[in-house]
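J.: Got a structure for you, target10.txt, holding compact mmCIF, C-alpha atoms.
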# COMPACT_ATOMS: atom_id res chain seq x y z
CA MET A 269 13.34 -156.20 65.41
CA ASP A 270 15.02 -154.35 62.57
CA SER A 271 16.97 -156.49 60.14
CA LEU A 272 20.61 -155.35 59.73
CA SER A 273 22.77 -156.30 56.78
CA LEU A 274 26.10 -155.24 55.28
CA THR A 275 26.77 -155.02 51.58
CA VAL A 276 29.79 -154.01 49.50
CA GLU A 277 28.86 -151.83 46.54
CA THR A 278 31.29 -151.38 43.66
CA ASP A 279 28.90 -148.96 41.96
CA LEU A 280 27.77 -145.98 44.02
CA SER A 281 24.70 -145.56 41.81
CA ARG A 282 23.30 -148.64 43.56
CA ILE A 283 22.93 -146.51 46.72
CA ASP A 284 20.16 -143.93 46.71
CA ALA A 285 21.64 -140.42 46.51
CA LEU A 286 19.19 -138.89 48.99
CA GLN A 287 19.90 -141.56 51.60
CA TRP A 288 23.66 -141.23 51.09
CA ASP A 289 23.62 -137.43 51.31
CA ALA A 290 21.49 -137.53 54.45
CA LEU A 291 24.37 -139.36 56.15
CA ALA A 292 27.21 -137.45 54.45
CA GLY A 293 26.23 -134.03 55.77
CA ASP A 294 27.22 -130.70 54.25
CA GLN A 295 30.81 -131.32 53.20
CA PRO A 296 30.88 -131.08 49.39
CA PHE A 297 33.52 -133.79 48.87
CA LEU A 298 31.32 -136.50 50.38
CA ARG A 299 28.22 -135.77 48.35
CA HIS A 300 26.93 -138.57 46.17
CA ALA A 301 27.28 -136.39 43.06
CA PHE A 302 30.92 -135.50 43.77
CA LEU A 303 31.98 -139.10 44.33
CA ARG A 304 30.10 -140.38 41.29
CA ALA A 305 31.71 -137.66 39.18
CA LEU A 306 35.13 -138.96 40.26
CA HIS A 307 34.20 -142.48 39.24
CA GLU A 308 32.21 -141.89 36.09
CA THR A 309 34.66 -139.47 34.48
CA GLY A 310 37.47 -142.00 34.88
CA CYS A 311 39.46 -140.26 37.63
CA ALA A 312 38.93 -142.75 40.48
CA THR A 313 38.44 -146.17 38.92
CA PRO A 314 40.03 -149.62 39.05
CA GLU A 315 42.12 -148.58 36.03
CA THR A 316 43.63 -145.65 37.98
CA GLY A 317 44.17 -147.75 41.11
CA TRP A 318 40.99 -146.66 42.93
CA ALA A 319 38.50 -149.55 42.83
CA PRO A 320 35.30 -148.56 44.69
CA HIS A 321 34.12 -151.01 47.35
CA TYR A 322 31.65 -148.93 49.35
CA LEU A 323 30.55 -150.58 52.58
CA ALA A 324 26.85 -150.05 53.34
CA LEU A 325 24.94 -150.95 56.48
CA TRP A 326 21.24 -151.42 55.87
CA ARG A 327 18.42 -151.43 58.38
CA ASP A 328 15.75 -153.21 56.39
CA GLU A 329 15.87 -151.12 53.17
CA THR A 330 17.13 -147.91 54.78
CA LEU A 331 20.77 -146.92 54.61
CA ALA A 332 21.87 -146.74 58.27
CA ALA A 333 25.60 -146.19 57.75
CA ALA A 334 28.20 -146.25 54.99
CA ALA A 335 31.88 -145.75 54.31
CA PRO A 336 33.60 -144.53 51.14
CA LEU A 337 36.02 -147.39 50.52
CA TYR A 338 38.55 -148.24 47.83
CA LEU A 339 40.76 -151.17 47.01
CA LYS A 340 44.06 -149.42 46.24
CA SER A 341 46.91 -150.76 44.13
CA HIS A 342 49.23 -147.85 45.04
CA SER A 343 49.44 -144.97 47.55
CA ARG A 344 49.22 -141.99 45.22
CA GLY A 345 46.67 -139.24 45.77
CA GLU A 346 46.30 -139.89 49.50
CA TYR A 347 48.40 -137.22 51.31
CA VAL A 348 49.14 -139.57 54.22
CA PHE A 349 52.37 -141.24 53.24
CA ASP A 350 52.90 -144.96 53.83
CA TYR A 351 55.54 -145.65 51.17
CA ALA A 352 58.04 -146.73 53.85
CA TRP A 353 55.53 -149.28 55.13
CA ALA A 354 55.00 -150.65 51.64
CA ASP A 355 58.76 -150.85 51.09
CA ALA A 356 59.25 -152.72 54.37
CA PHE A 357 56.59 -155.27 53.38
CA GLN A 358 58.26 -155.77 50.01
CA ARG A 359 61.74 -156.18 51.53
CA HIS A 360 60.38 -158.96 53.73
CA GLY A 361 58.71 -160.74 50.82
CA LEU A 362 55.20 -159.70 51.78
CA ARG A 363 52.52 -158.03 49.65
CA TYR A 364 51.35 -154.57 50.77
CA TYR A 365 49.07 -153.87 47.80
CA PRO A 366 46.19 -154.08 47.36
CA LYS A 367 45.10 -152.37 50.55
CA LEU A 368 41.74 -150.96 51.63
CA LEU A 369 41.40 -147.20 51.98
CA SER A 370 38.53 -145.09 53.29
CA ALA A 371 39.04 -141.57 51.97
CA VAL A 372 37.93 -139.11 49.34
CA PRO A 373 40.26 -139.58 46.37
CA PHE A 374 42.85 -136.82 45.94
CA THR A 375 41.31 -134.79 48.79
CA PRO A 376 43.19 -134.22 52.08
CA VAL A 377 40.17 -132.77 53.91
CA THR A 378 38.92 -133.93 57.30
CA GLY A 379 35.35 -135.25 57.25
CA PRO A 380 33.21 -138.25 58.14
CA ARG A 381 34.51 -141.61 56.98
CA LEU A 382 32.04 -143.61 59.07
CA LEU A 383 28.82 -142.08 57.82
CA ALA A 384 26.27 -142.85 60.52
CA ARG A 385 23.68 -141.17 62.72
CA THR A 386 24.39 -143.18 65.88
CA ASP A 387 27.45 -144.47 67.70
CA GLU A 388 25.97 -147.97 67.59
CA ASP A 389 25.79 -147.93 63.79
CA ARG A 390 29.27 -146.40 63.61
CA ASP A 391 30.65 -149.25 65.73
CA THR A 392 28.89 -151.83 63.56
CA LEU A 393 30.37 -150.23 60.45
CA VAL A 394 33.93 -150.38 61.87
CA ARG A 395 33.53 -154.06 62.66
CA GLY A 396 32.23 -154.59 59.14
CA LEU A 397 35.26 -152.84 57.65
CA VAL A 398 37.69 -155.06 59.56
CA ALA A 399 35.69 -158.19 58.71
CA PHE A 400 35.75 -157.28 55.03
CA ALA A 401 39.50 -156.61 55.14
CA GLU A 402 40.03 -160.04 56.71
CA GLN A 403 37.67 -161.71 54.24
CA ILE A 404 39.52 -160.47 51.14
CA GLN A 405 42.90 -160.88 52.87
CA VAL A 406 44.37 -157.44 52.27
CA SER A 407 47.47 -156.30 54.10
CA SER A 408 45.84 -153.33 55.76
CA LEU A 409 42.93 -150.93 56.13
CA HIS A 410 43.36 -147.16 56.41
CA LEU A 411 40.94 -144.32 57.15
CA LEU A 412 42.35 -140.93 56.20
CA PHE A 413 41.32 -137.59 57.74
CA PRO A 414 38.39 -139.00 59.78
CA ALA A 415 36.13 -136.65 61.68
CA ASP A 416 36.18 -136.43 65.47
CA ALA A 417 32.98 -138.47 65.69
CA ASP A 418 34.78 -141.36 63.95
CA MET A 419 37.82 -141.34 66.20
CA ARG A 420 36.14 -142.88 69.25
CA ALA A 421 34.91 -145.88 67.30
CA LEU A 422 38.28 -146.34 65.59
CA ARG A 423 40.25 -146.16 68.84
CA GLU A 424 37.89 -148.59 70.57
CA ALA A 425 38.23 -151.00 67.65
CA GLY A 426 42.00 -151.03 68.13
CA PHE A 427 43.04 -148.95 65.13
CA MET A 428 46.46 -147.32 65.33
CA ILE A 429 46.18 -143.53 65.17
CA ARG A 430 48.56 -141.36 63.19
CA GLU A 431 48.78 -137.59 63.67
CA SER A 432 49.76 -135.03 61.04
CA VAL A 433 49.47 -131.28 60.64
CA GLN A 434 47.61 -128.94 58.31
CA PHE A 435 47.22 -125.17 58.40
CA HIS A 436 43.76 -123.65 58.82
CA TRP A 437 42.43 -120.12 59.29
CA THR A 438 39.58 -119.39 61.66
CA ASN A 439 37.30 -116.38 61.68
CA PRO A 440 36.51 -114.95 65.13
CA GLY A 441 34.13 -112.48 63.49
CA TYR A 442 36.32 -109.94 61.69
CA ALA A 443 34.31 -106.98 60.42
CA ASP A 444 36.51 -106.67 57.35
CA PHE A 445 39.91 -107.64 55.94
CA ASP A 446 41.57 -104.67 57.65
CA GLY A 447 40.35 -106.06 60.96
CA PHE A 448 42.11 -109.34 60.18
CA LEU A 449 45.33 -107.50 59.29
CA ALA A 450 45.13 -105.48 62.49
CA ALA A 451 45.23 -108.72 64.49
CA MET A 452 48.52 -109.74 62.85
CA SER A 453 51.94 -108.96 64.28
CA HIS A 454 53.64 -105.92 62.76
CA ASP A 455 56.16 -107.81 60.60
CA LYS A 456 53.56 -110.23 59.20
CA ARG A 457 51.10 -107.43 58.48
CA LYS A 458 53.85 -105.46 56.71
CA LYS A 459 54.85 -108.48 54.59
CA ILE A 460 51.25 -109.16 53.52
CA ARG A 461 50.77 -105.54 52.49
CA GLN A 462 54.04 -105.57 50.54
CA ASP A 463 52.99 -108.71 48.66
CA ARG A 464 49.57 -107.25 47.88
CA LYS A 465 51.19 -104.08 46.53
CA LYS A 466 53.38 -106.15 44.18
CA VAL A 467 50.31 -107.91 42.79
CA ALA A 468 48.48 -104.60 42.36
CA ALA A 469 51.55 -103.03 40.74
CA ALA A 470 51.49 -105.85 38.18
CA GLY A 471 48.08 -104.54 37.10
CA LEU A 472 46.08 -107.38 38.65
CA SER A 473 42.67 -107.21 40.25
CA TYR A 474 40.33 -109.95 41.50
CA ARG A 475 36.89 -111.32 40.86
CA TRP A 476 35.07 -113.82 43.06
CA LEU A 477 32.61 -116.09 41.29
CA ARG A 478 30.33 -118.66 42.92
CA GLY A 479 28.04 -121.30 41.55
CA VAL A 480 26.33 -120.46 38.27
CA GLU A 481 28.37 -117.23 38.02
CA ILE A 482 31.22 -119.50 36.89
CA GLY A 483 30.82 -119.90 33.14
CA ALA A 484 32.39 -122.35 30.71
CA ALA A 485 35.15 -119.87 29.82
CA GLU A 486 36.13 -119.28 33.46
CA LEU A 487 36.05 -122.99 34.28
CA GLY A 488 38.09 -123.73 31.16
CA PHE A 489 40.72 -121.17 32.11
CA PHE A 490 40.90 -122.61 35.63
CA TYR A 491 41.50 -126.10 34.19
CA GLU A 492 44.35 -124.78 32.06
CA CYS A 493 45.92 -123.31 35.21
CA TYR A 494 45.33 -126.51 37.19
CA CYS A 495 47.14 -128.58 34.55
CA ARG A 496 50.03 -126.11 34.42
CA THR A 497 50.57 -126.53 38.16
CA TYR A 498 50.81 -130.30 37.89
CA PHE A 499 52.99 -130.33 34.79
CA SER A 500 55.36 -127.79 36.36
CA HIS A 501 56.05 -130.41 39.05
CA GLY A 502 56.55 -133.16 36.48
CA ASN A 503 53.25 -134.93 37.09
CA PRO A 504 50.07 -135.37 35.06
CA PRO A 505 46.93 -133.99 36.75
CA TYR A 506 44.77 -136.40 38.73
CA LEU A 507 41.48 -134.85 37.66
CA SER A 508 40.05 -134.37 34.18
CA ARG A 509 38.28 -131.49 32.51
CA ASP A 510 35.17 -133.71 32.37
CA PHE A 511 35.28 -134.16 36.13
CA PHE A 512 35.30 -130.44 36.89
CA GLN A 513 32.57 -129.75 34.34
CA ARG A 514 30.32 -132.47 35.72
CA ALA A 515 30.99 -131.66 39.39
CA HIS A 516 30.24 -127.98 38.75
CA ARG A 517 27.10 -128.81 36.83
CA GLU A 518 25.77 -131.08 39.59
CA GLN A 519 26.79 -129.07 42.68
CA ALA A 520 27.51 -125.59 41.40
CA GLU A 521 26.69 -123.93 44.73
CA ALA A 522 29.84 -125.46 46.26
CA PHE A 523 32.23 -123.93 43.71
CA VAL A 524 34.01 -120.66 44.56
CA LEU A 525 36.42 -119.47 41.86
CA ILE A 526 38.91 -116.68 42.53
CA LEU A 527 40.24 -115.06 39.35
CA ALA A 528 43.20 -112.72 39.05
CA GLU A 529 42.82 -110.53 35.94
CA ARG A 530 44.68 -107.83 34.06
CA ASP A 531 42.60 -105.58 31.79
CA GLY A 532 39.84 -108.18 31.84
CA ARG A 533 42.15 -111.05 30.86
CA PRO A 534 42.58 -113.87 33.41
CA VAL A 535 46.10 -114.55 34.65
CA ALA A 536 45.59 -116.89 37.64
CA ALA A 537 42.81 -118.89 39.25
CA ALA A 538 42.13 -120.69 42.52
CA LEU A 539 39.19 -123.05 42.89
CA ASN A 540 37.74 -123.51 46.36
CA LEU A 541 34.79 -125.58 47.51
CA ALA A 542 32.38 -124.31 50.14
CA GLY A 543 30.23 -126.35 52.47
CA GLY A 544 28.75 -125.88 55.92
CA ASP A 545 30.83 -123.35 57.82
CA ALA A 546 34.04 -123.83 55.81
CA LEU A 547 35.81 -122.89 52.61
CA TYR A 548 38.27 -125.47 51.31
CA GLY A 549 41.20 -124.35 49.20
CA ARG A 550 41.89 -127.04 46.63
CA TYR A 551 43.45 -126.15 43.24
CA TRP A 552 45.33 -123.23 41.73
CA GLY A 553 47.52 -122.19 38.81
CA ALA A 554 48.76 -119.19 36.83
CA THR A 555 49.83 -118.41 33.27
CA GLU A 556 52.70 -116.16 34.37
CA TYR A 557 54.89 -115.51 37.40
CA VAL A 558 54.15 -112.45 39.51
CA PRO A 559 55.77 -112.00 42.96
CA GLY A 560 53.20 -112.64 45.67
CA LEU A 561 50.57 -113.91 43.22
CA HIS A 562 50.30 -117.39 44.72
CA PHE A 563 49.82 -116.16 48.27
CA GLU A 564 47.34 -113.48 47.27
CA THR A 565 45.25 -115.73 45.02
CA CYS A 566 45.21 -118.83 47.21
CA TYR A 567 45.17 -117.41 50.73
CA MET A 568 44.51 -113.69 51.08
CA GLN A 569 41.62 -113.62 48.65
CA ALA A 570 40.13 -116.76 50.19
CA ILE A 571 40.36 -115.23 53.67
CA ALA A 572 38.81 -112.00 52.37
CA TYR A 573 35.99 -114.05 50.85
CA CYS A 574 35.37 -115.82 54.16
CA ILE A 575 35.25 -112.53 56.05
CA ALA A 576 32.89 -110.96 53.52
CA HIS A 577 30.53 -113.94 53.64
CA GLY A 578 30.75 -114.83 57.33
CA ILE A 579 32.43 -118.22 56.77
CA ALA A 580 33.95 -119.61 59.96
CA ARG A 581 37.12 -121.23 58.65
CA PHE A 582 39.35 -121.70 55.65
CA GLU A 583 41.31 -124.92 55.17
CA GLY A 584 44.34 -124.30 53.01
CA GLY A 585 45.12 -127.87 51.96
CA ALA A 586 47.98 -130.20 52.86
CA GLN A 587 51.32 -129.18 54.37
CA GLY A 588 52.88 -125.73 54.16
CA GLU A 589 54.54 -123.90 57.06
CA HIS A 590 54.65 -120.84 54.78
CA LYS A 591 50.90 -120.50 55.32
CA MET A 592 51.44 -119.40 58.91
CA ALA A 593 52.75 -116.02 57.76
CA ARG A 594 49.34 -115.52 56.11
CA GLY A 595 47.35 -116.27 59.26
CA LEU A 596 46.74 -120.01 58.88
CA LEU A 597 47.59 -121.86 62.08
CA PRO A 598 48.81 -125.43 62.64
CA THR A 599 45.92 -127.83 63.16
CA PRO A 600 46.23 -131.56 63.97
CA THR A 601 44.70 -134.04 61.55
CA TRP A 602 44.43 -137.79 61.91
CA SER A 603 44.43 -141.11 60.15
CA ALA A 604 43.61 -144.58 61.48
CA HIS A 605 45.30 -147.83 60.49
CA TRP A 606 44.64 -151.54 60.86
CA VAL A 607 47.40 -153.94 59.76
CA ALA A 608 46.72 -157.66 59.44
CA HIS A 609 50.27 -158.96 60.03
CA PRO A 610 50.86 -158.95 63.83
CA GLY A 611 54.61 -158.39 63.56
CA PHE A 612 54.27 -155.45 61.19
CA ALA A 613 51.40 -154.05 63.24
CA ASP A 614 53.67 -154.01 66.30
CA ALA A 615 56.50 -152.37 64.36
CA ILE A 616 54.19 -149.69 62.94
CA ARG A 617 52.74 -149.05 66.39
CA VAL A 618 56.24 -148.35 67.75
CA PHE A 619 56.95 -146.09 64.76
CA LEU A 620 53.72 -144.16 65.32
CA ASP A 621 54.45 -143.67 69.02
CA GLU A 622 57.78 -142.08 68.08
CA GLU A 623 56.23 -140.06 65.25
CA THR A 624 53.44 -138.77 67.52
CA ALA A 625 56.01 -137.44 69.99
CA ALA A 626 57.87 -135.75 67.13
CA VAL A 627 54.65 -134.17 65.82
CA ALA A 628 53.86 -132.86 69.31
CA ASP A 629 57.30 -131.23 69.46
CA TYR A 630 56.76 -129.80 65.98
CA LEU A 631 53.39 -128.33 66.94
CA GLY A 632 54.88 -126.85 70.08
CA GLU A 633 57.63 -125.20 68.06
CA LEU A 634 55.16 -123.82 65.52
CA GLU A 635 52.99 -122.33 68.25
CA THR A 636 55.92 -120.17 69.36
CA HIS A 637 55.86 -118.50 65.93
CA THR A 638 52.27 -117.27 65.90
CA PRO A 639 51.66 -114.62 63.22
CA PHE A 640 49.17 -112.85 65.45
CA LYS A 641 49.75 -110.24 68.13
CA ARG A 642 50.40 -111.72 71.52
CA PRO A 643 48.09 -110.66 74.37
CA ALA A 644 49.48 -107.86 76.49
CA GLN A 645 50.95 -109.10 79.73
CA GLY A 646 49.09 -107.83 82.76
Please rewrite the model in this file as structure tokens.

T.:
Amino acid sequence: MDSLSLTVETDLSRIDALQWDALAGDQPFLRHAFLRALHETGCATPETGWAPHYLALWRDETLAAAAPLYLKSHSRGEYVFDYAWADAFQRHGLRYYPKLLSAVPFTPVTGPRLLARTDEDRDTLVRGLVAFAEQIQVSSLHLLFPADADMRALREAGFMIRESVQFHWTNPGYADFDGFLAAMSHDKRKKIRQDRKKVAAAGLSYRWLRGVEIGAAELGFFYECYCRTYFSHGNPPYLSRDFFQRAHREQAEAFVLILAERDGRPVAAALNLAGGDALYGRYWGATEYVPGLHFETCYMQAIAYCIAHGIARFEGGAQGEHKMARGLLPTPTWSAHWVAHPGFADAIRVFLDEETAAVADYLGELETHTPFKRPAQG
């Protein structure tokens, strides 16, 4: 019989990259190189509150399953908000941090969290996660934005499920951008065209760059824009220049940079990552304000890129009802939670039942405001 064992790895370099990537699939954020870049450039480290504790399931010397896992000393950079839970623990004299978190740091993108080829290995990995949480006596264990294949194992293991909403665009096979606009309702199509005219009237045009087409100057300008966006909201950026340089160097094919330029001089940039059948909108910024520039750079150009390259969907990041007017539709996302304290687990379960009903009402309301033409009534 095969020999199964579980290990906890605080250094991802101890796991073979080829074996890890074979389980991770084609999403760029889960690649061995991307995660190591986060750690080794100082962005996701114990010092920043992200202490890696990767759980690995081995069948003899072969990696059978794994989970990206962090011991967290805060809840920043997660995009699933549990500050009220932490506050409730504190008010009752209990410690909420550290907690265990399975997620990609700073990345609210749905994808595998239980990296496994079989349901049996996935189930074993979930049991291992709970056992590890109990062993080190943390308050809780959270898996953020798990893939559908993970959800069965998490539900069967008794995890509490939390629903949230993002806004995604899907491509039914538009021949061109005009075909996409033609599917929109009249008022939404008119507004998009008005915004695009404002950007054009400001003397701006666009370039799409992918992979090695993105040079040091373009990547440097993007990073300047990225920092401006964070500082404008009163926060330092999560990610460093070194991170973007290394991640681009090691997986350039995933990088899609959209540049807005005037007379050959860049004015705004949006960095997307591509993988599988999706384009993921992640970071943007601009050196000046132009009406409509944000929507054009982040959404319209990304949708145009997807249409031109036959990409099936565009995920526009966390939150944002305003995205609906640009053709991105509400899409449920999930997180799964295990809480050690029975009393708090019961209280959170009641809260989540109420929140789930509210999210269902919210989704129902959003669906009445579709930006697309409604089918003709027969």

J.: Using all atoms listed in the file, which of A:Ala608, A:Ile460, A:Ala586, A:Leu337 sits nearest Gly426 of chain A?

T.: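 Nearest to Gly426 of chain A: A:Ala608.
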
J.: Name the closest residue to Asp355 of chain A among the candidates A:Phe612, A:Arg461, A:Lys340, A:Arg423; distances are taken between atoms, counting all atoms listed in the file.

T.: A:Phe612

J.: Take the point (46.7, -137.5, 43.2) as written in the file and pick out every residue within 10 Å of it, counting all atoms listed in the file; give the list as a ChimeraX atom specification.

T.: /A:311-312,343-347,373-375,498,503-507

J.: What's the separation between atom CA of Ala515 of chain A and atom CA of Leu303 of chain A, in Å to one decimal place?

T.: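 That distance, rounded to one decimal, is 9.0 Å.
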
J.: What does the distance from atom CA of Asp545 of chain A to atom CA of Ala443 of chain A come to in Å, to one decimal?

T.: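 Atom CA of Ala443 of chain A lies at a distance of 16.9 Å from atom CA of Asp545 of chain A.
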
J.: Find the residues near Met452 of chain A: any atom within 6 Å, counting all atoms listed in the file, skip ones fewer than 5 places away on the same chain, and give them as a ChimeraX atom specification.

T.: /A:457,639-641

J.: Give me the residues within 9 Å of Ser271 of chain A as a VMD selection string, counting all atoms listed in the file and dropping any in the same chain fewer than 4 places off.

T.: chain A and resid 326 to 329

J.: So, counting all atoms listed in the file, which residue among A:His605, A:His360, A:Arg533, A:Arg514 is closest to Ala485 of chain A?

T.: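 The shortest atom-to-atom distance to Ala485 of chain A comes from A:Arg533.
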
J.: Could you jot down the atom CA of Asp279 of chain A to atom CA of Tyr322 of chain A separation for me, Å, one decimal place?

T.: 7.9 Å

J.: Quick one: of A:Val467, A:Glu492, A:His516, A:Arg550, who's nearest to His562 of chain A, counting all atoms listed in the file?

T.: A:Val467

J.: Could you check which of A:Arg478, A:His609, A:Arg299, A:Lys591 is closest to Pro380 of chain A, using only C-alpha atoms?

T.: A:Arg299

J.: Can you list, as a PDB file with C-alpha atoms, in the coordinates of the input, every protein, DNA or RNA residue that comes within 7 Å of Gly560 of chain A when you count only C-alpha atoms, leaving out same-chain residues fewer than 6 positions away?

T.:
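Heads up, here's the output in result_30.pdb:
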ATOM      1  CA  ASP A 463      52.990-108.710  48.660  1.00  0.00           C
ATOM      2  CA  ARG A 464      49.570-107.250  47.880  1.00  0.00           C
ATOM      3  CA  LYS A 466      53.380-106.150  44.180  1.00  0.00           C
ATOM      4  CA  VAL A 467      50.310-107.910  42.790  1.00  0.00           C
TER       5      VAL A 467
END

J.: Go through A:Val558, A:Ala570, A:Ala301, A:Leu411 and flag the residue nearest Val398 of chain A, using all atoms listed in the file for the distances.

T.: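 Closest to Val398 of chain A, using all atoms listed in the file: A:Leu411.
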
J.: Any idea what's packed within 12 Å of Pro314 of chain A, counting all atoms listed in the file, ignoring anything in its chain fewer than 3 positions away? Could you give it as a tab-separated table (two decimals) with C-alpha atoms, in the frame of the given file?

T.:
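See out-v8.tsv below for the written result:
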chain	number	residue	atom	x	y	z
A	278	THR	CA	31.29	-151.38	43.66
A	279	ASP	CA	28.90	-148.96	41.96
A	306	LEU	CA	35.13	-138.96	40.26
A	307	HIS	CA	34.20	-142.48	39.24
A	308	GLU	CA	32.21	-141.89	36.09
A	310	GLY	CA	37.47	-142.00	34.88
A	311	CYS	CA	39.46	-140.26	37.63
A	317	GLY	CA	44.17	-147.75	41.11
A	318	TRP	CA	40.99	-146.66	42.93
A	319	ALA	CA	38.50	-149.55	42.83
A	320	PRO	CA	35.30	-148.56	44.69
A	321	HIS	CA	34.12	-151.01	47.35
A	338	TYR	CA	38.55	-148.24	47.83
A	339	LEU	CA	40.76	-151.17	47.01
A	340	LYS	CA	44.06	-149.42	46.24
A	341	SER	CA	46.91	-150.76	44.13
A	342	HIS	CA	49.23	-147.85	45.04
A	366	PRO	CA	46.19	-154.08	47.36

J.: Using all atoms listed in the file, find all polymer residues with an atom at most 8 Å away from the point (26.0, -146.7, 55.3); report them as a list in words.

T.: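 I get Trp288, Leu291, Leu323, Ala324, Leu325, Trp326, Leu331, Ala332, Ala333, Ala334, Ala335, Leu382, Leu383, Ala384 and Leu393 of chain A for the residues within 8 Å of that point.
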
J.: Write out as a PDB file with C-alpha atoms, in the coordinates of the input which residues come within 12 Å of Ala520 of chain A when counting all atoms listed in the file, dropping same-chain ones fewer than 3 positions away.

T.:
ATOM      1  CA  PRO A 296      30.880-131.080  49.390  1.00  0.00           C
ATOM      2  CA  ALA A 301      27.280-136.390  43.060  1.00  0.00           C
ATOM      3  CA  PHE A 302      30.920-135.500  43.770  1.00  0.00           C
ATOM      4  CA  LEU A 477      32.610-116.090  41.290  1.00  0.00           C
ATOM      5  CA  ARG A 478      30.330-118.660  42.920  1.00  0.00           C
ATOM      6  CA  GLY A 479      28.040-121.300  41.550  1.00  0.00           C
ATOM      7  CA  VAL A 480      26.330-120.460  38.270  1.00  0.00           C
ATOM      8  CA  GLU A 481      28.370-117.230  38.020  1.00  0.00           C
ATOM      9  CA  ILE A 482      31.220-119.500  36.890  1.00  0.00           C
ATOM     10  CA  GLY A 483      30.820-119.900  33.140  1.00  0.00           C
ATOM     11  CA  LEU A 487      36.050-122.990  34.280  1.00  0.00           C
ATOM     12  CA  PHE A 512      35.300-130.440  36.890  1.00  0.00           C
ATOM     13  CA  GLN A 513      32.570-129.750  34.340  1.00  0.00           C
ATOM     14  CA  ARG A 514      30.320-132.470  35.720  1.00  0.00           C
ATOM     15  CA  ALA A 515      30.990-131.660  39.390  1.00  0.00           C
ATOM     16  CA  HIS A 516      30.240-127.980  38.750  1.00  0.00           C
ATOM     17  CA  ARG A 517      27.100-128.810  36.830  1.00  0.00           C
ATOM     18  CA  PHE A 523      32.230-123.930  43.710  1.00  0.00           C
ATOM     19  CA  VAL A 524      34.010-120.660  44.560  1.00  0.00           C
ATOM     20  CA  LEU A 525      36.420-119.470  41.860  1.00  0.00           C
ATOM     21  CA  ASN A 540      37.740-123.510  46.360  1.00  0.00           C
ATOM     22  CA  LEU A 541      34.790-125.580  47.510  1.00  0.00           C
ATOM     23  CA  ALA A 542      32.380-124.310  50.140  1.00  0.00           C
ATOM     24  CA  GLY A 543      30.230-126.350  52.470  1.00  0.00           C
TER      25      GLY A 543
END
